[in-house]
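**Student:** Structure file run10.cif (mmCIF, C-alpha atoms) is given on the next line.
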```cif
data_entry
loop_
_atom_site.label_atom_id
_atom_site.label_comp_id
_atom_site.auth_asym_id
_atom_site.auth_seq_id
_atom_site.Cartn_x
_atom_site.Cartn_y
_atom_site.Cartn_z
CA MET D 1 -9.80 -227.68 -33.72
CA ILE D 2 -6.93 -229.21 -31.79
CA ARG D 3 -6.11 -231.26 -34.84
CA GLU D 4 -5.84 -228.12 -36.97
CA TRP D 5 -3.51 -226.52 -34.45
CA ILE D 6 -1.27 -229.59 -34.38
CA CYS D 7 -1.25 -229.69 -38.17
CA ALA D 8 -0.38 -226.00 -38.48
CA ILE D 9 2.43 -226.26 -35.93
CA LEU D 10 3.87 -229.30 -37.72
CA LEU D 11 3.71 -227.56 -41.09
CA VAL D 12 5.39 -224.35 -39.96
CA SER D 13 8.07 -226.10 -37.92
CA GLY D 14 8.87 -228.42 -40.84
CA ALA D 15 9.20 -225.46 -43.17
CA LEU D 16 11.48 -223.72 -40.65
CA PHE D 17 13.67 -226.83 -40.41
CA MET D 18 14.00 -226.88 -44.18
CA PHE D 19 14.84 -223.19 -44.18
CA VAL D 20 17.61 -223.82 -41.67
CA GLY D 21 18.93 -226.55 -43.97
CA ALA D 22 18.92 -224.26 -46.99
CA LEU D 23 20.61 -221.51 -45.00
CA GLY D 24 23.30 -223.98 -43.95
CA VAL D 25 23.82 -225.06 -47.54
CA VAL D 26 24.47 -221.48 -48.52
CA ARG D 27 26.49 -220.36 -45.52
CA LEU D 28 28.67 -223.29 -44.42
CA PRO D 29 32.25 -223.33 -45.70
CA ASP D 30 32.82 -226.90 -46.83
CA LEU D 31 31.26 -229.67 -48.89
CA PHE D 32 30.94 -231.99 -45.93
CA THR D 33 29.47 -229.44 -43.55
CA ARG D 34 27.05 -228.40 -46.27
CA MET D 35 26.05 -232.02 -46.73
CA HIS D 36 25.44 -232.30 -43.00
CA ALA D 37 23.12 -229.28 -43.12
CA ALA D 38 21.29 -230.30 -46.27
CA THR D 39 20.45 -233.89 -45.51
CA LYS D 40 19.66 -234.00 -41.81
CA SER D 41 17.55 -230.95 -41.23
CA ALA D 42 15.91 -230.97 -44.66
CA SER D 43 14.82 -234.60 -44.45
CA PHE D 44 13.56 -234.01 -40.91
CA GLY D 45 11.59 -231.03 -42.17
CA SER D 46 9.94 -233.02 -44.92
CA VAL D 47 9.13 -235.77 -42.39
CA LEU D 48 7.42 -233.17 -40.19
CA MET D 49 5.37 -231.86 -43.12
CA LEU D 50 4.31 -235.37 -44.09
CA CYS D 51 3.28 -235.96 -40.48
CA ALA D 52 1.15 -232.83 -40.83
CA VAL D 53 -0.57 -234.43 -43.83
CA ALA D 54 -1.20 -237.61 -41.83
CA VAL D 55 -2.66 -235.64 -38.92
CA TYR D 56 -4.82 -233.50 -41.20
CA PHE D 57 -6.50 -236.35 -43.08
CA GLY D 58 -6.46 -238.97 -40.34
CA GLU D 59 -7.46 -241.86 -42.58
CA VAL D 60 -5.75 -245.22 -42.43
CA TRP D 61 -4.62 -245.38 -46.02
CA ILE D 62 -3.15 -241.88 -46.02
CA ILE D 63 -1.33 -242.51 -42.75
CA PHE D 64 0.10 -245.67 -44.26
CA GLU D 65 1.20 -243.78 -47.36
CA THR D 66 2.91 -241.01 -45.40
CA LEU D 67 4.65 -243.64 -43.28
CA LEU D 68 5.81 -245.21 -46.54
CA VAL D 69 7.28 -241.91 -47.74
CA ILE D 70 8.96 -241.33 -44.36
CA PHE D 71 10.39 -244.85 -44.47
CA PHE D 72 11.76 -244.21 -47.95
CA ILE D 73 13.30 -240.92 -46.88
CA PHE D 74 15.01 -242.48 -43.87
CA LEU D 75 16.15 -245.40 -46.00
CA THR D 76 17.53 -243.46 -48.97
CA THR D 77 18.97 -240.28 -47.47
CA PRO D 78 21.88 -241.93 -45.58
CA VAL D 79 22.85 -244.02 -48.58
CA GLY D 80 22.80 -241.10 -51.00
CA THR D 81 24.67 -238.86 -48.60
CA HIS D 82 27.29 -241.51 -48.02
CA MET D 83 27.85 -241.82 -51.76
CA ILE D 84 28.13 -238.07 -52.23
CA GLY D 85 30.60 -237.78 -49.38
CA ARG D 86 32.67 -240.66 -50.68
CA VAL D 87 32.82 -239.14 -54.15
CA GLY D 88 33.65 -235.74 -52.72
CA TYR D 89 36.54 -237.18 -50.75
CA LEU D 90 37.78 -239.21 -53.70
CA LEU D 91 37.73 -236.17 -55.97
CA GLY D 92 39.93 -234.35 -53.48
CA THR D 93 37.48 -231.69 -52.42
CA PRO D 94 39.34 -229.25 -50.18
CA LEU D 95 38.41 -229.46 -46.53
CA TRP D 96 37.69 -226.42 -44.47
CA GLN D 97 40.88 -224.91 -43.06
CA GLY D 98 39.58 -225.26 -39.52
CA THR D 99 39.03 -229.00 -39.83
CA VAL D 100 40.29 -230.65 -36.67
CA ILE D 101 40.91 -234.23 -37.75
CA ASN D 102 40.97 -236.12 -41.02
CA GLU D 103 41.26 -239.77 -40.10
CA LEU D 104 41.62 -241.00 -43.67
CA GLN D 105 44.67 -238.86 -44.36
CA GLY D 106 47.63 -241.04 -45.29
CA ARG D 107 45.72 -244.25 -44.69
CA TYR D 108 43.48 -244.42 -47.71
CA ASN D 109 44.94 -245.82 -50.87
CA MET D 110 43.30 -243.64 -53.49
CA ARG D 111 44.40 -245.80 -56.39
CA LYS D 112 43.32 -249.16 -54.99
CA ARG D 113 40.37 -247.70 -53.05
CA VAL D 114 41.35 -249.66 -49.96
CA LEU D 115 41.58 -248.49 -46.39
CA GLU D 116 44.94 -249.56 -45.08
CA SER D 117 45.44 -250.40 -41.43
CA GLY D 118 46.96 -247.69 -39.32
CA LEU D 119 48.63 -250.19 -36.99
CA HIS D 120 51.99 -250.59 -38.70
CA ASP D 121 52.60 -246.90 -39.33
CA SER D 122 51.68 -244.88 -36.30
CA ALA D 123 53.46 -241.82 -37.67
CA THR D 124 50.43 -240.41 -39.40
CA GLN D 125 48.30 -241.03 -36.37
CA THR D 126 50.60 -239.15 -34.02
CA GLY D 127 50.85 -236.43 -36.64
CA ASN D 128 47.11 -236.07 -36.61
CA GLU D 129 47.02 -236.04 -32.84
CA ASN D 130 49.69 -233.36 -32.70
CA LYS D 131 47.70 -231.32 -35.18
CA MET D 132 44.62 -231.74 -33.05
CA ASP D 133 46.48 -230.67 -29.93
CA ASN D 134 47.81 -227.61 -31.74
CA HIS D 135 44.33 -226.74 -32.87
CA LEU D 136 42.92 -227.13 -29.38
CA ASN D 137 45.68 -224.91 -27.99
CA GLU D 138 44.87 -222.31 -30.62
CA ILE D 139 41.24 -222.38 -29.59
CA LYS D 140 42.19 -221.89 -25.95
CA MET M 17 -10.74 -219.52 -54.77
CA ILE M 18 -8.12 -220.75 -52.38
CA LEU M 19 -7.60 -217.45 -50.63
CA GLN M 20 -11.23 -216.98 -49.71
CA GLU M 21 -12.14 -217.64 -46.06
CA LEU M 22 -8.60 -217.77 -44.78
CA THR M 23 -8.63 -220.37 -42.04
CA LEU M 24 -5.84 -221.34 -39.69
CA ILE M 25 -4.71 -224.27 -41.75
CA LYS M 26 -4.61 -222.28 -44.98
CA GLY M 27 -2.61 -219.53 -43.32
CA ALA M 28 -0.14 -222.10 -42.01
CA VAL M 29 0.21 -223.69 -45.43
CA LEU M 30 0.75 -220.35 -47.15
CA PHE M 31 3.33 -219.30 -44.56
CA ALA M 32 5.11 -222.64 -45.03
CA PHE M 33 5.04 -222.08 -48.81
CA PHE M 34 6.62 -218.65 -48.31
CA ILE M 35 9.46 -220.11 -46.24
CA LEU M 36 9.94 -223.01 -48.65
CA ILE M 37 10.18 -220.71 -51.66
CA ILE M 38 12.86 -218.63 -49.95
CA SER M 39 14.69 -221.91 -49.20
CA LEU M 40 14.34 -222.91 -52.85
CA PHE M 41 16.05 -219.69 -53.88
CA LEU M 42 18.88 -220.35 -51.40
CA ALA M 43 19.32 -223.91 -52.68
CA PHE M 44 19.28 -222.70 -56.25
CA PHE M 45 22.03 -220.22 -55.39
CA ARG M 46 24.19 -223.12 -54.20
CA LEU M 47 23.24 -225.14 -57.28
CA ALA M 48 24.35 -222.36 -59.60
CA ARG M 49 27.49 -221.35 -57.72
CA GLY M 50 28.76 -224.51 -55.98
CA PRO M 51 32.53 -224.64 -56.41
CA VAL M 52 32.72 -228.38 -57.08
CA LEU M 53 30.29 -230.81 -58.63
CA PRO M 54 29.31 -232.69 -55.42
CA ASP M 55 28.07 -229.37 -54.03
CA ARG M 56 25.61 -229.19 -56.88
CA ILE M 57 24.43 -232.74 -56.15
CA VAL M 58 23.82 -231.77 -52.51
CA ALA M 59 21.82 -228.76 -53.69
CA LEU M 60 19.72 -230.98 -55.99
CA ASP M 61 19.03 -233.34 -53.09
CA LEU M 62 17.93 -230.40 -50.96
CA ILE M 63 15.67 -229.12 -53.76
CA VAL M 64 13.93 -232.49 -53.93
CA SER M 65 13.37 -232.47 -50.16
CA LEU M 66 11.88 -229.00 -50.49
CA ALA M 67 9.66 -230.25 -53.30
CA VAL M 68 8.37 -233.05 -51.09
CA GLY M 69 7.50 -230.44 -48.48
CA LEU M 70 5.72 -228.33 -51.11
CA ILE M 71 3.74 -231.38 -52.22
CA ALA M 72 2.70 -232.05 -48.62
CA GLY M 73 1.50 -228.47 -48.23
CA TYR M 74 -0.37 -228.58 -51.52
CA THR M 75 -2.03 -231.84 -50.49
CA ILE M 76 -3.41 -230.15 -47.40
CA LEU M 77 -4.38 -226.99 -49.29
CA THR M 78 -6.46 -228.75 -51.93
CA LYS M 79 -7.62 -231.69 -49.75
CA GLN M 80 -6.72 -234.06 -52.57
CA SER M 81 -4.78 -236.98 -51.12
CA VAL M 82 -3.81 -238.16 -54.60
CA PHE M 83 -0.82 -235.83 -54.60
CA LEU M 84 0.91 -237.98 -51.99
CA ASP M 85 1.67 -240.52 -54.72
CA THR M 86 3.91 -237.94 -56.38
CA ALA M 87 5.78 -237.57 -53.10
CA VAL M 88 6.41 -241.33 -53.03
CA VAL M 89 7.67 -241.33 -56.61
CA LEU M 90 9.73 -238.17 -56.14
CA THR M 91 11.68 -239.54 -53.18
CA MET M 92 12.54 -242.71 -55.06
CA ILE M 93 13.58 -240.84 -58.20
CA ALA M 94 15.67 -238.42 -56.15
CA PHE M 95 17.53 -241.32 -54.57
CA LEU M 96 18.16 -242.87 -57.99
CA GLY M 97 19.39 -239.54 -59.35
CA THR M 98 21.76 -238.99 -56.44
CA VAL M 99 23.23 -242.47 -56.73
CA ALA M 100 23.57 -242.15 -60.50
CA PHE M 101 25.35 -238.80 -60.23
CA ALA M 102 27.68 -240.14 -57.55
CA ARG M 103 28.55 -243.27 -59.54
CA TYR M 104 29.13 -241.16 -62.64
CA LEU M 105 31.49 -238.80 -60.83
CA GLU M 106 33.33 -241.69 -59.22
CA ARG M 107 33.88 -243.60 -62.46
CA ARG M 108 34.73 -240.54 -64.53
CA TRP M 109 38.25 -240.23 -63.18
CA LEU M 110 39.23 -243.84 -63.56
#
```
Reformat the file's structure so that it appears as structure tokens.

**Tutor:**
Amino acid sequence: MIREWICAILLVSGALFMFVGALGVVRLPDLFTRMHAATKSASFGSVLMLCAVAVYFGEVWIIFETLLVIFFIFLTTPVGTHMIGRVGYLLGTPLWQGTVINELQGRYNMRKRVLESGLHDSATQTGNENKMDNHLNEIK
Amino acid sequence: MILQELTLIKGAVLFAFFILIISLFLAFFRLARGPVLPDRIVALDLIVSLAVGLIAGYTILTKQSVFLDTAVVLTMIAFLGTVAFARYLERRWL
């Protein structure tokens, strides 16, 4: 009985987490914020639902298999998301207009795909900081 | 067959299916509309996560633990698809 309750709570909460992720994918304004919604909460939701499967069956082999799936999800989601974000930045996807700081701006050589050091030209850095200060003042 | 003798666990699974199908529609909206191509890749990734959740619910509903194997395969194939799409987009503009 208690096992069924735990399983039901895990199932419904996992589905709700995935729903929040899908809602964020539709509603958020930017590629990167959408990515943040889609990967984190959706993978956490699927992990919760797989935990529900493990609790429901309660056999060793099935628990091992669900742990395998969870391990794969936690191994592959960050890598895939990193590649999508990198490609999105390289393609010049427009950022949201309320973005506070873009640390790669002016420092990333798009042609050579190399991150150049920001030590010798501090102009861009101070520019970013000024922009951030302006934004914070606007918020206040 | 399934809907007879609605127990707690079946009700939870069906409610989770209802939420997941609404989420599938939302993700499909982003897949169809997404302004740039990486948005569509994000939507595909989300759809695969939702499919893993659906498989987990179906495993509980039918009490057949064989369906978990499809979840294992689906996560791996989703990762390969995401990486392949990303590499393709990155190399296309060179």

**Student:** Which residue, M:Val64, M:Leu90, M:Leu30, M:Ala72, has the smallest gap to chain D when you use only C-alpha atoms?

**Tutor:**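 Of the candidates, the smallest distance to chain D is held by M:Ala72.
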
**Student:** Give me, as a VMD selection string, the contact residues of chain M against chain D at a cut-off of 9 Å, counting only C-alpha atoms.

**Tutor:** chain M and resid 24 to 29 31 to 36 38 to 43 45 to 46 52 to 55 57 to 59 61 to 63 65 to 70 72 to 73 75 to 76 79 81 84 to 85 87 to 89 91 to 92 94 to 96 98 to 99 101 to 103 105 to 106 109

**Student:** What's the separation between CA of Glu116 in chain D and CA of Glu103 in chain D, in Å to one decimal place?

**Tutor:**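 For CA of Glu116 in chain D relative to CA of Glu103 in chain D, the distance reads 11.6 Å.
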
**Student:** Figure out the distance between CA of Trp96 in chain D and CA of Gly97 in chain M, please, to one decimal in Å.

**Tutor:** 27.0 Å

**Student:** Enter the distance from CA of Leu47 in chain M to CA of Thr33 in chain D, in Å, rounded to one decimal.

**Tutor:** 15.7 Å

**Student:** What lies within 10 Å of Pro29 in chain D using all atoms listed in the file, ignoring chain neighbours under 6 positions off, as a ChimeraX atom specification?

**Tutor:** /D:95-98

**Student:** Missing atoms in range 38-65 of chain M should be modelled up to N, CA and C atoms and reported as a PDB file, in the frame of the given file.

**Tutor:**
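Wrote result13.pdb, looks like this:
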```pdb
ATOM      1  N   ILE M  38      11.590-219.282 -50.278  1.00  0.00           N
ATOM      2  CA  ILE M  38      12.860-218.630 -49.950  1.00  0.00           C
ATOM      3  C   ILE M  38      13.980-219.681 -49.895  1.00  0.00           C
ATOM      4  N   SER M  39      13.681-220.839 -49.282  1.00  0.00           N
ATOM      5  CA  SER M  39      14.690-221.910 -49.200  1.00  0.00           C
ATOM      6  C   SER M  39      15.047-222.426 -50.580  1.00  0.00           C
ATOM      7  N   LEU M  40      14.044-222.477 -51.477  1.00  0.00           N
ATOM      8  CA  LEU M  40      14.340-222.910 -52.850  1.00  0.00           C
ATOM      9  C   LEU M  40      15.308-221.950 -53.527  1.00  0.00           C
ATOM     10  N   PHE M  41      15.119-220.645 -53.285  1.00  0.00           N
ATOM     11  CA  PHE M  41      16.050-219.690 -53.880  1.00  0.00           C
ATOM     12  C   PHE M  41      17.465-219.895 -53.323  1.00  0.00           C
ATOM     13  N   LEU M  42      17.558-220.134 -52.002  1.00  0.00           N
ATOM     14  CA  LEU M  42      18.880-220.350 -51.400  1.00  0.00           C
ATOM     15  C   LEU M  42      19.542-221.598 -51.992  1.00  0.00           C
ATOM     16  N   ALA M  43      18.760-222.677 -52.125  1.00  0.00           N
ATOM     17  CA  ALA M  43      19.320-223.910 -52.680  1.00  0.00           C
ATOM     18  C   ALA M  43      19.718-223.718 -54.131  1.00  0.00           C
ATOM     19  N   PHE M  44      18.934-222.932 -54.850  1.00  0.00           N
ATOM     20  CA  PHE M  44      19.280-222.700 -56.250  1.00  0.00           C
ATOM     21  C   PHE M  44      20.551-221.870 -56.377  1.00  0.00           C
ATOM     22  N   PHE M  45      20.767-220.972 -55.405  1.00  0.00           N
ATOM     23  CA  PHE M  45      22.030-220.220 -55.390  1.00  0.00           C
ATOM     24  C   PHE M  45      23.209-221.179 -55.271  1.00  0.00           C
ATOM     25  N   ARG M  46      23.082-222.176 -54.364  1.00  0.00           N
ATOM     26  CA  ARG M  46      24.190-223.120 -54.200  1.00  0.00           C
ATOM     27  C   ARG M  46      24.310-224.003 -55.444  1.00  0.00           C
ATOM     28  N   LEU M  47      23.189-224.311 -56.070  1.00  0.00           N
ATOM     29  CA  LEU M  47      23.240-225.140 -57.280  1.00  0.00           C
ATOM     30  C   LEU M  47      23.949-224.408 -58.410  1.00  0.00           C
ATOM     31  N   ALA M  48      23.734-223.100 -58.509  1.00  0.00           N
ATOM     32  CA  ALA M  48      24.350-222.360 -59.600  1.00  0.00           C
ATOM     33  C   ALA M  48      25.810-222.066 -59.314  1.00  0.00           C
ATOM     34  N   ARG M  49      26.160-221.855 -58.029  1.00  0.00           N
ATOM     35  CA  ARG M  49      27.490-221.350 -57.720  1.00  0.00           C
ATOM     36  C   ARG M  49      28.469-222.425 -57.292  1.00  0.00           C
ATOM     37  N   GLY M  50      27.960-223.487 -56.624  1.00  0.00           N
ATOM     38  CA  GLY M  50      28.760-224.510 -55.980  1.00  0.00           C
ATOM     39  C   GLY M  50      30.141-224.737 -56.589  1.00  0.00           C
ATOM     40  N   PRO M  51      31.197-224.609 -55.820  1.00  0.00           N
ATOM     41  CA  PRO M  51      32.530-224.640 -56.410  1.00  0.00           C
ATOM     42  C   PRO M  51      32.849-225.975 -57.092  1.00  0.00           C
ATOM     43  N   VAL M  52      32.449-227.071 -56.474  1.00  0.00           N
ATOM     44  CA  VAL M  52      32.720-228.380 -57.080  1.00  0.00           C
ATOM     45  C   VAL M  52      31.398-229.053 -57.386  1.00  0.00           C
ATOM     46  N   LEU M  53      31.505-230.145 -58.172  1.00  0.00           N
ATOM     47  CA  LEU M  53      30.290-230.810 -58.630  1.00  0.00           C
ATOM     48  C   LEU M  53      29.486-231.482 -57.511  1.00  0.00           C
ATOM     49  N   PRO M  54      30.116-232.108 -56.496  1.00  0.00           N
ATOM     50  CA  PRO M  54      29.310-232.690 -55.420  1.00  0.00           C
ATOM     51  C   PRO M  54      28.454-231.667 -54.674  1.00  0.00           C
ATOM     52  N   ASP M  55      28.898-230.405 -54.627  1.00  0.00           N
ATOM     53  CA  ASP M  55      28.070-229.370 -54.030  1.00  0.00           C
ATOM     54  C   ASP M  55      26.742-229.231 -54.766  1.00  0.00           C
ATOM     55  N   ARG M  56      26.841-229.316 -56.089  1.00  0.00           N
ATOM     56  CA  ARG M  56      25.610-229.190 -56.880  1.00  0.00           C
ATOM     57  C   ARG M  56      24.695-230.384 -56.634  1.00  0.00           C
ATOM     58  N   ILE M  57      25.278-231.577 -56.436  1.00  0.00           N
ATOM     59  CA  ILE M  57      24.430-232.740 -56.150  1.00  0.00           C
ATOM     60  C   ILE M  57      23.722-232.566 -54.813  1.00  0.00           C
ATOM     61  N   VAL M  58      24.446-232.025 -53.818  1.00  0.00           N
ATOM     62  CA  VAL M  58      23.820-231.770 -52.510  1.00  0.00           C
ATOM     63  C   VAL M  58      22.674-230.782 -52.666  1.00  0.00           C
ATOM     64  N   ALA M  59      22.883-229.750 -53.489  1.00  0.00           N
ATOM     65  CA  ALA M  59      21.820-228.760 -53.690  1.00  0.00           C
ATOM     66  C   ALA M  59      20.611-229.399 -54.367  1.00  0.00           C
ATOM     67  N   LEU M  60      20.845-230.299 -55.322  1.00  0.00           N
ATOM     68  CA  LEU M  60      19.720-230.980 -55.990  1.00  0.00           C
ATOM     69  C   LEU M  60      18.942-231.832 -54.994  1.00  0.00           C
ATOM     70  N   ASP M  61      19.663-232.527 -54.122  1.00  0.00           N
ATOM     71  CA  ASP M  61      19.030-233.340 -53.090  1.00  0.00           C
ATOM     72  C   ASP M  61      18.143-232.478 -52.196  1.00  0.00           C
ATOM     73  N   LEU M  62      18.686-231.320 -51.819  1.00  0.00           N
ATOM     74  CA  LEU M  62      17.930-230.400 -50.960  1.00  0.00           C
ATOM     75  C   LEU M  62      16.687-229.899 -51.684  1.00  0.00           C
ATOM     76  N   ILE M  63      16.823-229.619 -52.994  1.00  0.00           N
ATOM     77  CA  ILE M  63      15.670-229.120 -53.760  1.00  0.00           C
ATOM     78  C   ILE M  63      14.574-230.174 -53.801  1.00  0.00           C
ATOM     79  N   VAL M  64      14.957-231.451 -53.905  1.00  0.00           N
ATOM     80  CA  VAL M  64      13.930-232.490 -53.930  1.00  0.00           C
ATOM     81  C   VAL M  64      13.242-232.611 -52.575  1.00  0.00           C
ATOM     82  N   SER M  65      14.013-232.464 -51.474  1.00  0.00           N
ATOM     83  CA  SER M  65      13.370-232.470 -50.160  1.00  0.00           C
ATOM     84  C   SER M  65      12.376-231.317 -50.029  1.00  0.00           C
TER      85      SER M  65
END
```
